[in-house]
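Here is upload_34.txt, consisting of compact mmCIF, C-alpha atoms:
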# COMPACT_ATOMS: atom_id res chain seq x y z
CA MET A 1 117.26 163.93 113.67
CA VAL A 2 113.66 163.44 112.53
CA GLN A 3 113.85 166.42 110.20
CA THR A 4 116.94 164.96 108.54
CA LEU A 5 115.20 161.62 108.05
CA GLU A 6 112.15 163.25 106.53
CA ARG A 7 114.32 165.28 104.19
CA LEU A 8 116.10 162.16 102.99
CA ALA A 9 112.79 160.39 102.54
CA LYS A 10 111.67 162.61 99.64
CA PRO A 11 111.09 160.51 96.52
CA ALA A 12 114.17 159.96 94.39
CA THR A 13 114.23 160.72 90.68
CA ALA A 14 116.52 159.63 87.88
CA SER A 15 118.27 163.02 87.94
CA HIS A 16 118.26 163.29 91.74
CA PRO A 17 118.76 159.82 93.21
CA ALA A 18 118.19 159.37 96.94
CA ALA A 19 121.20 160.07 99.09
CA LYS A 20 122.88 157.11 100.73
CA ALA A 21 121.62 157.03 104.29
CA VAL A 22 124.24 157.44 107.00
CA PRO A 23 123.34 156.33 110.55
CA PRO A 24 123.28 159.18 113.09
CA TYR A 25 125.23 157.15 115.66
CA SER A 26 128.85 156.08 115.78
CA TRP A 27 130.69 153.63 118.00
CA SER A 28 131.51 154.99 121.45
CA LYS A 29 131.89 153.78 125.02
CA ALA A 30 128.36 154.96 125.74
CA LEU A 31 126.91 153.07 122.77
CA GLU A 32 128.95 150.01 123.67
CA ALA A 33 127.42 149.99 127.16
CA GLU A 34 123.91 150.61 125.85
CA MET A 35 124.10 147.80 123.30
CA ALA A 36 125.89 145.32 125.59
CA PRO A 37 122.74 143.31 126.47
CA MET A 38 121.94 142.79 122.80
CA TYR A 39 125.52 141.82 121.98
CA ALA A 40 125.50 139.29 124.81
CA ARG A 41 122.79 137.43 122.91
CA VAL A 42 124.71 137.16 119.64
CA GLN A 43 128.34 137.29 120.77
CA HIS A 44 129.17 133.69 119.89
CA VAL A 45 128.12 134.21 116.24
CA VAL A 46 129.03 137.92 115.78
CA THR A 47 132.68 138.72 116.39
CA PRO A 48 133.95 141.64 118.54
CA MET A 49 135.47 143.08 115.37
CA GLU A 50 132.07 143.19 113.63
CA TRP A 51 129.99 144.57 116.49
CA PRO A 52 131.32 148.19 116.47
CA HIS A 53 130.16 148.41 112.86
CA TYR A 54 126.79 146.74 113.43
CA ALA A 55 125.75 148.40 116.69
CA PRO A 56 125.21 151.97 115.37
CA LEU A 57 123.16 150.62 112.48
CA ILE A 58 121.07 148.40 114.75
CA LYS A 59 120.27 151.26 117.13
CA SER A 60 119.40 153.54 114.20
CA ILE A 61 117.16 150.95 112.52
CA ASN A 62 115.27 150.13 115.70
CA GLU A 63 114.60 153.80 116.41
CA LEU A 64 113.59 154.52 112.83
CA LYS A 65 111.12 151.62 112.81
CA GLN A 66 109.21 153.33 115.59
CA GLN A 67 109.17 156.66 113.77
CA ARG A 68 108.02 155.08 110.52
CA ASN A 69 105.47 152.69 112.09
CA ALA A 70 107.37 149.95 110.30
CA VAL A 71 108.18 146.32 110.99
CA ILE A 72 110.89 144.07 109.62
CA LEU A 73 110.06 140.52 108.55
CA ALA A 74 113.22 138.38 108.51
CA HIS A 75 113.58 134.98 106.94
CA ASN A 76 115.63 132.29 108.69
CA TYR A 77 118.39 132.74 106.10
CA MET A 78 119.16 136.29 107.18
CA THR A 79 122.46 136.85 108.99
CA PRO A 80 122.30 136.93 112.83
CA GLU A 81 122.75 140.70 113.21
CA ILE A 82 119.57 141.14 111.13
CA PHE A 83 117.63 138.12 112.37
CA HIS A 84 118.21 138.64 116.09
CA CYS A 85 118.86 142.38 116.38
CA VAL A 86 116.41 144.27 114.14
CA ALA A 87 113.71 141.81 113.04
CA ASP A 88 110.23 142.10 114.52
CA PHE A 89 109.04 138.79 113.08
CA ARG A 90 111.25 135.85 112.18
CA GLY A 91 110.63 132.54 110.51
CA ASP A 92 110.08 130.55 107.36
CA SER A 93 107.93 131.60 104.41
CA LEU A 94 104.67 130.42 105.97
CA GLN A 95 105.26 132.25 109.25
CA LEU A 96 106.18 135.47 107.45
CA ALA A 97 103.17 135.21 105.11
CA LYS A 98 100.88 134.98 108.13
CA GLU A 99 102.57 137.87 109.93
CA ALA A 100 102.28 140.02 106.81
CA ALA A 101 98.52 139.46 106.88
CA ARG A 102 97.95 140.43 110.52
CA VAL A 103 100.75 142.84 111.36
CA ASP A 104 99.61 146.30 112.47
CA ALA A 105 102.08 148.59 110.74
CA LYS A 106 102.12 151.09 107.92
CA ILE A 107 105.35 149.82 106.38
CA ILE A 108 106.72 146.29 105.99
CA VAL A 109 110.42 145.84 105.25
CA GLN A 110 111.06 142.38 103.86
CA ALA A 111 114.43 141.04 104.93
CA GLY A 112 114.31 138.23 102.43
CA VAL A 113 113.98 137.83 98.68
CA HIS A 114 111.62 139.38 96.15
CA PHE A 115 108.93 136.70 96.01
CA MET A 116 108.56 137.02 99.80
CA ALA A 117 108.02 140.76 99.49
CA GLU A 118 105.41 140.13 96.80
CA THR A 119 103.62 137.66 99.07
CA SER A 120 103.60 140.22 101.87
CA LYS A 121 102.09 142.76 99.47
CA LEU A 122 99.43 140.26 98.38
CA LEU A 123 98.29 139.77 101.97
CA SER A 124 98.73 143.42 102.98
CA PRO A 125 97.66 145.38 99.88
CA ASP A 126 97.09 148.61 101.81
CA LYS A 127 100.54 148.64 103.37
CA THR A 128 103.80 149.85 101.84
CA VAL A 129 106.11 146.87 101.31
CA LEU A 130 109.80 147.59 100.87
CA ILE A 131 112.71 145.35 99.93
CA PRO A 132 116.20 146.73 100.64
CA ASP A 133 117.63 145.40 97.36
CA MET A 134 115.52 144.72 94.28
CA ARG A 135 118.18 142.31 93.02
CA ALA A 136 117.42 139.85 95.84
CA GLY A 137 115.81 137.25 93.63
CA CYS A 138 115.59 133.46 93.72
CA SER A 139 116.90 130.82 91.33
CA LEU A 140 113.88 128.63 92.04
CA ALA A 141 111.38 131.42 91.41
CA SER A 142 113.18 132.19 88.14
CA SER A 143 112.84 128.60 86.94
CA ILE A 144 109.17 128.92 85.94
CA THR A 145 106.99 131.54 84.26
CA PRO A 146 103.22 132.15 84.03
CA GLU A 147 103.39 130.89 80.44
CA ASP A 148 104.90 127.63 81.69
CA VAL A 149 102.01 127.17 84.12
CA ARG A 150 99.44 127.78 81.39
CA MET A 151 101.23 125.18 79.28
CA LEU A 152 100.97 122.71 82.17
CA ARG A 153 97.23 123.42 82.42
CA GLU A 154 96.85 122.40 78.80
CA ALA A 155 99.05 119.33 79.18
CA TYR A 156 97.29 118.13 82.35
CA PRO A 157 93.63 119.25 82.07
CA GLY A 158 91.75 119.08 85.34
CA VAL A 159 94.85 118.39 87.46
CA PRO A 160 95.17 120.87 90.37
CA ILE A 161 98.36 122.94 90.47
CA VAL A 162 100.13 123.58 93.76
CA THR A 163 102.93 126.10 93.60
CA TYR A 164 105.66 126.51 96.16
CA VAL A 165 105.66 130.02 97.66
CA ASN A 166 109.13 130.41 96.14
CA THR A 167 107.56 131.76 92.95
CA SER A 168 106.55 135.13 91.57
CA ALA A 169 103.09 136.59 92.12
CA ALA A 170 102.45 136.15 88.40
CA VAL A 171 103.08 132.40 88.70
CA LYS A 172 100.96 132.14 91.86
CA ALA A 173 98.12 133.83 89.96
CA GLU A 174 98.03 130.91 87.51
CA CYS A 175 97.88 128.23 90.24
CA ASP A 176 95.17 126.84 92.51
CA ILE A 177 96.96 127.04 95.84
CA THR A 178 100.41 127.73 97.26
CA CYS A 179 102.43 125.69 99.73
CA THR A 180 105.60 125.88 101.79
CA SER A 181 108.00 123.10 102.65
CA SER A 182 106.31 122.79 106.05
CA ASN A 183 102.80 122.24 104.71
CA ALA A 184 103.32 120.85 101.18
CA VAL A 185 102.05 117.35 101.99
CA LYS A 186 98.97 118.72 103.77
CA VAL A 187 98.20 121.07 100.88
CA VAL A 188 98.57 118.33 98.26
CA GLU A 189 96.30 115.94 100.17
CA SER A 190 93.71 118.67 100.90
CA LEU A 191 92.80 118.88 97.23
CA GLY A 192 91.23 115.42 97.20
CA ALA A 193 92.62 114.66 93.74
CA PRO A 194 94.42 111.49 92.61
CA ARG A 195 97.03 113.53 90.71
CA VAL A 196 98.51 116.91 91.59
CA LEU A 197 101.06 119.15 89.91
CA CYS A 198 103.56 120.35 92.53
CA ILE A 199 105.79 123.04 91.04
CA PRO A 200 108.49 124.22 90.54
CA ASP A 201 110.92 122.44 92.91
CA GLN A 202 111.57 118.93 91.64
CA TYR A 203 113.21 117.80 94.86
CA LEU A 204 110.47 119.08 97.15
CA ALA A 205 107.94 117.33 94.89
CA LYS A 206 109.88 114.06 95.08
CA TRP A 207 109.98 114.33 98.86
CA VAL A 208 106.22 115.02 98.95
CA GLN A 209 105.68 111.97 96.77
CA SER A 210 107.50 109.86 99.35
CA GLN A 211 105.06 111.06 102.01
CA THR A 212 101.72 110.62 100.20
CA LYS A 213 99.77 108.25 97.97
CA VAL A 214 98.71 111.13 95.72
CA GLU A 215 100.52 111.03 92.36
CA VAL A 216 102.79 114.08 92.25
CA ILE A 217 103.87 115.62 88.95
CA THR A 218 106.58 118.26 89.03
CA TRP A 219 108.68 120.78 87.13
CA LYS A 220 112.46 120.65 86.83
CA GLY A 221 113.22 123.64 89.04
CA ALA A 222 115.66 123.63 91.95
CA CYS A 223 117.18 125.87 94.60
CA GLU A 224 120.79 126.65 93.74
CA VAL A 225 121.73 126.43 97.43
CA HIS A 226 120.19 123.05 98.27
CA GLU A 227 120.92 121.24 95.02
CA ARG A 228 124.69 121.66 95.56
CA PHE A 229 124.70 119.25 98.51
CA THR A 230 125.44 115.58 97.83
CA GLY A 231 124.97 112.34 99.72
CA GLU A 232 128.68 111.65 99.32
CA GLU A 233 129.49 114.93 101.04
CA LEU A 234 127.28 113.98 103.97
CA GLN A 235 128.97 110.60 104.29
CA THR A 236 132.36 112.29 104.39
CA MET A 237 131.12 114.54 107.18
CA ARG A 238 129.89 111.57 109.20
CA GLU A 239 133.29 109.90 108.92
CA ALA A 240 135.05 113.09 110.02
CA GLU A 241 132.64 113.84 112.89
CA PRO A 242 131.60 110.70 114.83
CA GLY A 243 128.16 111.05 116.39
CA LEU A 244 127.12 113.82 114.01
CA LYS A 245 123.38 114.18 113.34
CA ILE A 246 122.45 115.48 109.90
CA ILE A 247 119.12 117.13 109.13
CA ALA A 248 118.16 118.18 105.64
CA HIS A 249 115.70 120.47 103.92
CA PRO A 250 113.31 118.77 101.43
CA GLU A 251 114.65 121.01 98.65
CA CYS A 252 117.78 118.82 98.71
CA PRO A 253 118.35 115.99 96.18
CA PRO A 254 117.06 112.50 97.10
CA ASP A 255 120.53 111.10 97.88
CA VAL A 256 120.99 113.85 100.48
CA ILE A 257 117.61 113.17 102.06
CA ALA A 258 118.37 109.44 102.13
CA ALA A 259 121.63 110.11 103.97
CA ALA A 260 120.09 112.46 106.55
CA ASP A 261 118.79 111.59 110.00
CA PHE A 262 115.80 113.88 109.60
CA THR A 263 114.21 115.86 106.76
CA GLY A 264 111.95 118.83 107.36
CA SER A 265 111.11 122.43 106.60
CA THR A 266 113.14 125.27 108.06
CA SER A 267 110.78 125.48 111.03
CA GLY A 268 110.76 121.68 111.32
CA MET A 269 114.56 121.54 111.34
CA ILE A 270 114.75 124.19 114.05
CA GLN A 271 112.21 122.39 116.21
CA TRP A 272 114.03 119.07 115.77
CA VAL A 273 117.27 120.57 117.05
CA LYS A 274 115.49 122.21 120.00
CA ASP A 275 113.73 118.97 120.92
CA LYS A 276 116.59 116.50 120.37
CA ARG A 277 119.53 118.67 121.45
CA PRO A 278 122.14 116.51 119.67
CA PRO A 279 125.75 117.13 120.78
CA LYS A 280 126.75 117.79 117.15
CA VAL A 281 124.48 118.64 114.23
CA MET A 282 124.78 119.67 110.61
CA LEU A 283 121.94 121.63 108.99
CA VAL A 284 121.86 120.86 105.28
CA THR A 285 120.46 124.21 104.20
CA GLU A 286 121.49 127.87 103.84
CA CYS A 287 124.45 128.82 106.01
CA SER A 288 123.02 131.59 108.16
CA MET A 289 120.29 129.40 109.60
CA ALA A 290 122.83 127.46 111.65
CA SER A 291 124.10 130.68 113.22
CA ASN A 292 120.57 131.81 114.04
CA VAL A 293 119.60 128.51 115.63
CA ALA A 294 122.91 128.32 117.53
CA ILE A 295 121.92 131.41 119.50
CA GLU A 296 118.83 129.60 120.79
CA VAL A 297 120.58 126.30 121.57
CA PRO A 298 124.10 127.23 122.73
CA ASP A 299 124.68 123.71 124.08
CA VAL A 300 124.61 122.24 120.56
CA ASP A 301 127.75 122.18 118.42
CA PHE A 302 126.94 123.14 114.83
CA ILE A 303 129.17 121.69 112.11
CA ARG A 304 128.85 124.15 109.25
CA PRO A 305 129.92 123.04 105.80
CA CYS A 306 126.97 124.87 104.27
CA ASN A 307 126.08 126.92 101.20
CA LEU A 308 125.34 130.64 101.07
CA CYS A 309 122.39 132.05 99.15
CA PRO A 310 123.78 134.97 97.11
CA HIS A 311 120.30 136.49 96.86
CA MET A 312 119.56 136.47 100.59
CA LYS A 313 123.00 137.92 101.24
CA ARG A 314 122.12 141.04 99.26
CA ILE A 315 120.14 142.14 102.31
CA SER A 316 122.28 143.92 104.90
CA LEU A 317 121.90 146.26 107.85
CA GLU A 318 123.15 149.07 105.63
CA ASN A 319 120.48 148.68 102.97
CA ILE A 320 117.73 147.98 105.54
CA TYR A 321 118.54 151.34 107.13
CA ASP A 322 118.70 153.01 103.72
CA SER A 323 115.37 151.42 102.79
CA LEU A 324 113.69 152.86 105.88
CA VAL A 325 115.20 156.32 105.47
CA ASN A 326 114.48 156.68 101.75
CA LEU A 327 111.39 154.43 101.65
CA ARG A 328 112.85 152.25 98.95
CA HIS A 329 112.48 149.94 97.16
CA GLU A 330 108.70 149.60 97.06
CA VAL A 331 107.27 146.30 95.83
CA THR A 332 104.00 146.47 93.91
CA VAL A 333 101.89 143.87 92.13
CA ASP A 334 99.50 144.42 89.21
CA PRO A 335 95.95 144.50 90.66
CA ASP A 336 94.59 141.69 88.46
CA VAL A 337 97.62 139.49 89.15
CA ALA A 338 97.38 140.34 92.85
CA HIS A 339 93.71 139.34 93.04
CA ARG A 340 94.34 135.92 91.55
CA ALA A 341 97.60 135.30 93.39
CA ARG A 342 96.08 136.39 96.71
CA ARG A 343 93.39 133.76 96.32
CA ALA A 344 96.01 131.03 95.99
CA VAL A 345 97.98 132.26 99.02
CA GLU A 346 94.89 132.77 101.18
CA ARG A 347 93.74 129.22 100.45
CA MET A 348 97.02 127.98 101.90
CA VAL A 349 96.92 130.32 104.90
CA ASN A 350 93.30 129.39 105.69
CA LEU A 351 94.12 125.69 105.40
CA THR A 352 97.09 125.88 107.75
CA ASN A 353 95.32 128.12 110.25

Show how you would write the structure in this file as structure tokens.
Amino acid sequence: MVQTLERLAKPATASHPAAKAVPPYSWSKALEAEMAPMYARVQHVVTPMEWPHYAPLIKSINELKQQRNAVILAHNYMTPEIFHCVADFRGDSLQLAKEAARVDAKIIVQAGVHFMAETSKLLSPDKTVLIPDMRAGCSLASSITPEDVRMLREAYPGVPIVTYVNTSAAVKAECDITCTSSNAVKVVESLGAPRVLCIPDQYLAKWVQSQTKVEVITWKGACEVHERFTGEELQTMREAEPGLKIIAHPECPPDVIAAADFTGSTSGMIQWVKDKRPPKVMLVTECSMASNVAIEVPDVDFIRPCNLCPHMKRISLENIYDSLVNLRHEVTVDPDVAHRARRAVERMVNLTN
């Protein structure tokens, strides 16, 4: 078993691409019994038809992590079989950034999108950071470039620039400090400036502006998942589901936030549900988060007219296993860019610690 894995792990070349990794286990009565405790945890969000396919991969991944001295960091938008069955650390961008900095492992597999893997590399430069699919990008991160940030510097001389972590390392390198949706207000106010550029998410910036007296200037970027929700849609849901509580992510448009019962970061939304335990709730965010939270609060009924992130959904058990076997795809950052971007991320991490 180990010899096979090591053989497959030899570097791929253009003429000899890495073989597609095949798990060493298959579904059987013995495996079904062994994996039954784990399935009991996720059975109301993973169907009995799916589990025979997932279970061999889950067992293989968890064994291979030990052999590789690897950990998996999973964002809240990962599907439940990843989030609850193979992840070592789970959470929003801030939580994962912190774990990347202090985790004791040789290899980090980022079950998330590319900018998250870059952030992990910034905070763990001596570790190998892998992403199972290099195409797992982000519409928000793609909305701004380093050249755009330099242009903003010229247009607003002396105004500090806060960038959302949902940006490339090259963009972070041009900014003063990063933020997440959970700490954006705190970061903006920590700068002690009357005006602050908060880029690139226009809706997050507008929400921050509603929470602070600091003048917030933004960029016209948006998350393709959150910007599709509308206040009218939420009103329709309320009429169809009496007693429904609606909680929204600050990346949503203002009419959505105005129609919600609560607005907060991914971690804030999760905590609100755990604390309030509403009979029925709708999470106005990426679809998989509702399934992940539902496992922890089975007494809450989740109404799920939500939107899928096509980038997050590029990450699967299959390509996580393949990533660990073949040690691909490695995420690297130019040393000069990394030095400057790391400074911006560390300022945020130190502030929120």

Mind checking which residues fall within 9 Å of range 59-70 of chain A, counting only C-alpha atoms, ignoring those fewer than 2 positions away in the same chain, and posting them as a list in words?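 The filter keeps Val2, Leu5, Pro23, Pro24, Tyr25, Leu31, Met35, Tyr54, Ala55, Pro56, Leu57, Ile72, Cys85, Val86, Ala87, Asp104, Ala105, Lys106, Ile107, Ile108, Val109, Leu317, Ile320, Tyr321, Leu324 and Val325 of chain A.
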
Rounded to one decimal place, report the CA of Ala248 in chain A-CA of Ala344 in chain A distance in Å.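 Spanning CA of Ala248 in chain A to CA of Ala344 in chain A is a straight-line distance of 27.4 Å.
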
Nearest candidate to Glu227 in chain A (options A:Asn350, A:Asn319, A:Ser291, A:Gln202; using all atoms listed in the file):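 For Glu227 in chain A, the nearest of the candidates is A:Gln202.
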
Shell of 12 Å around Ser210 in chain A, all atoms listed in the file, local chain residues under 4 positions omitted, as an NGL selection string: :A and (184-185 or 203-206 or 214-216 or 250 or 254 or 257-258 or 263)

Determine the nearest neighbour of Pro279 in chain A from the options A:Lys245, A:His226, A:Arg343, A:His311, counting only C-alpha atoms. A:Lys245

Measure the distance from CA of Leu73 in chain A to CA of Phe89 in chain A in Å and round it to one decimal.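 Computing it gives 5.0 Å between the two atoms.
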
Work out how far apart CA of Asn166 in chain A and CA of Thr266 in chain A are and give it in Å to one decimal.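 For CA of Asn166 in chain A relative to CA of Thr266 in chain A, the distance reads 13.6 Å.
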
Hey, can you pull every residue with an atom no more than 12 Å from (97.1, 127.7, 81.1), using only C-alpha atoms, and send it as an MDAnalysis selection string? chainID A and resid 145:161 171 173:176

So that I can see what lies close to Val46 in chain A, please list as a JSON list (two decimals) with C-alpha atoms, in the coordinates of the input the residues with an atom at most 9 Å from it, counting all atoms listed in the file and leaving out residues fewer than 5 positions away in the same chain.
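As a result, around.json now contains:
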[["chain", "number", "residue", "atom", "x", "y", "z"],
["A", 39, "TYR", "CA", 125.52, 141.82, 121.98],
["A", 51, "TRP", "CA", 129.99, 144.57, 116.49],
["A", 80, "PRO", "CA", 122.30, 136.93, 112.83],
["A", 81, "GLU", "CA", 122.75, 140.70, 113.21]]
